[in-house]
Amino acid sequence: MKITDIQTIQLTYPYTSYIADGCSPCFGRGALLVQVETDEGISGLGECATFGASMSAMADVVERQLKGLLLGKNPLDIEYLWETMVWSNFANGRRGIVMGAISGIDIALWDILGKAANLPLYRLLGANRDRVRGYASGGFYGPEKSVDDLKREMEGYVKRGYSAFKMKIGRRLNSTQTPHRYVRKGDFLYSFEQDMERVRAVRETIGDEGILMLDMNGTWEKDEVLAAEPYFDEYKIYWIEEPIRSDDVDGYREIASALKHTRVAGCEEEQGLTRYRELVEKGALDVVQANLGWSGGFTECRRIAALAQAHHRLFTPHTFFSAVLTAANVHFAASLPNVPFIESEENANPLRTELLREPLQCDGEMNYLVPQKPGLGIELNMDVVNQYRVR
């Protein structure tokens, strides 16, 4: 079998009214898909996580910088091809959009491997279970969104069967007034007290038994996090996610060491085994959240998950992208023993909910059922692709 072509598909879905996390607003959604074709008619599908980067620039990396390295090669030689892409771009490819591009290709290669073996991907990876618990990832800010609106949102998740929930906090000026001095922040900020009122309302809505996680998106300062520990304890916070900027490893270590009952999770924007080794070995993280579409695909993220397990840390792959990356996360998580649940993003996004001919399924307790067809076990709905495709 040989690779004959690699193509990208750019999709976009604009919001009519923006949402916001602790750091910045989100005015729409996008997806950069990767298709790898072979001479035997087997094709693979992957997705690059863009994290706000230019999709066209990353598509150029896939099609102009990486494609030529792989044409004519055996797609089943995945480890060899991964090393080829990395070492051929060693000066520029270990971070940023080049690694994101490598990640999307890698996911597609694993999809091909599963199809060639006639096995669902999670079984090739070493099946641990056939369903994966999802947590409702929502609780974003909005220009007109009230606490009552937030409560109604969470009530909806409870009614659908979720028992674990994540919400955003931190949309305020911290002690150094960063990052809101430098990013497009929209037209509103919240005080610490207002944020804690939001947290209190969510805790009351989901009940004492509901698992609650808070995501700051790196907007707090270390001392602010440490001072808030009584609130984390009062509201039984399972983890705080990216409380401070991810390059402050010493700060993360101090926070993780100081908090007695709340875990520290991160860091979705980091990339590669070497970087996560530093974070884990220095005791900076209790929960590792590498992104398959950004941090090296299945090939590298398997190593990162094993690193977390070796240090008795949890692993929960991050996602905020389309149904393709969500499906990859489901397969990946189903193969691992140290994944308590995975992110199930709940913001409006047809690129997640409508993109597949057979959408991902959940049971009544919001556990994802792992697709049982070969590879990722998914197929694009081309009507939806054409509706949102960037021309």
# chains A, B, ... in the order shown; residues from 1 in each chain; ligands from 1
>>> residues_around(residues="A:Ile211", least_positions_apart="2", cutoff="8 Å", atoms="only C-alpha atoms", output="MDAnalysis selection string")
chainID A and resid 163:165 209 213 236:238
>>> closest_atom_pairs(of="stretch 267-377 of chain A", to="stretch 76-99 of chain A", cutoff="10 Å", atoms="only C-alpha atoms", output="CSV")
residue,atom,partner,partner_atom,distance
A:Glu269,CA,A:Gly96,CA,9.1
A:Glu270,CA,A:Arg95,CA,8.3
A:Gln271,CA,A:Arg95,CA,6.2
A:Gly272,CA,A:Arg94,CA,7.2
A:Thr274,CA,A:Arg94,CA,10.0
A:Gly293,CA,A:Met99,CA,8.8
A:Trp294,CA,A:Met99,CA,6.4
A:Ser295,CA,A:Met99,CA,6.6
A:Gly296,CA,A:Met99,CA,6.2
A:Gly297,CA,A:Met99,CA,9.0
A:Phe298,CA,A:Ile78,CA,9.8
A:Thr299,CA,A:Glu79,CA,6.9
A:Glu300,CA,A:Trp82,CA,8.7
>>> select_by_dssp(residues="stretch 235-291 of chain A", states="alpha helix (DSSP H)", output="list in words")
Val249, Asp250, Gly251, Tyr252, Arg253, Glu254, Ile255, Ala256, Ser257, Ala258, Leu273, Thr274, Arg275, Tyr276, Arg277, Glu278, Leu279, Val280 and Glu281 of chain A
>>> atom_distance(atom1="atom CA of A:Tyr162", atom2="atom CA of A:Trp220")
28.0 Å
>>> residues_around(residues="A:Gly41", least_positions_apart="5", cutoff="12 Å", atoms="only C-alpha atoms", output="PyMOL selection string")
chain A and resi 1-5+36+112+115-116
>>> residues_around(residues="A:Asn217", least_positions_apart="4", cutoff="10 Å", atoms="only C-alpha atoms", output="list of chain:residue names")
A:Asp21, A:Gly22, A:Cys23, A:Ser24, A:Lys168, A:Ile169, A:Gly170, A:Arg171, A:Ile240, A:Glu241, A:Glu242, A:Pro243, A:Ile244, A:Arg245, A:Ser246, A:Gly266, A:Cys267, A:Glu268
>>> residues_around(residues="stretch 317-325 of chain A", least_positions_apart="3", cutoff="6 Å", atoms="only C-alpha atoms", output="list in words")
Glu47, Gln289, Ala290, Asn291, Ala328, Leu351 and Arg352 of chain A
>>> residues_around(residues="stretch 195-205 of chain A", least_positions_apart="2", cutoff="12 Å", atoms="only C-alpha atoms", output="ChimeraX atom specification")
/A:22,138-141,145-159,163-172,189-193,207-216,228-238
>>> decode(residues="stretch 233-277 of chain A", atoms="C-alpha atoms", output="CSV table (one decimal), in the first residue's frame")
chain,number,residue,atom,x,y,z
A,233,ASP,CA,-13.1,23.3,48.9
A,234,GLU,CA,-16.5,24.8,49.6
A,235,TYR,CA,-17.8,24.1,46.1
A,236,LYS,CA,-16.1,20.7,45.9
A,237,ILE,CA,-14.1,21.5,42.8
A,238,TYR,CA,-12.7,18.3,41.2
A,239,TRP,CA,-10.1,20.2,39.2
A,240,ILE,CA,-9.0,23.7,38.2
A,241,GLU,CA,-7.9,23.8,34.6
A,242,GLU,CA,-5.1,26.0,33.4
A,243,PRO,CA,-5.3,28.4,36.3
A,244,ILE,CA,-2.2,30.3,35.2
A,245,ARG,CA,-0.2,30.6,32.0
A,246,SER,CA,1.2,27.2,31.0
A,247,ASP,CA,4.8,28.4,30.7
A,248,ASP,CA,5.0,29.1,34.4
A,249,VAL,CA,6.0,25.6,35.4
A,250,ASP,CA,7.2,26.6,38.9
A,251,GLY,CA,3.9,28.3,39.5
A,252,TYR,CA,2.0,25.2,38.5
A,253,ARG,CA,4.1,23.1,40.8
A,254,GLU,CA,3.5,25.4,43.8
A,255,ILE,CA,-0.3,25.3,43.1
A,256,ALA,CA,-0.4,21.6,42.7
A,257,SER,CA,1.6,21.1,45.9
A,258,ALA,CA,-0.5,23.5,47.9
A,259,LEU,CA,-4.1,22.5,47.0
A,260,LYS,CA,-5.2,19.6,49.2
A,261,HIS,CA,-8.5,18.6,47.7
A,262,THR,CA,-8.5,20.0,44.2
A,263,ARG,CA,-6.5,18.7,41.2
A,264,VAL,CA,-4.6,20.9,38.7
A,265,ALA,CA,-5.3,20.1,35.0
A,266,GLY,CA,-3.6,21.3,31.8
A,267,CYS,CA,-2.2,22.2,29.4
A,268,GLU,CA,-4.1,21.9,26.1
A,269,GLU,CA,-1.9,24.3,24.1
A,270,GLU,CA,1.4,22.5,25.0
A,271,GLN,CA,2.9,20.1,22.5
A,272,GLY,CA,5.1,17.1,22.6
A,273,LEU,CA,6.4,14.5,25.0
A,274,THR,CA,9.4,16.5,26.1
A,275,ARG,CA,7.2,19.4,27.2
A,276,TYR,CA,4.8,17.2,29.0
A,277,ARG,CA,7.6,15.3,30.6
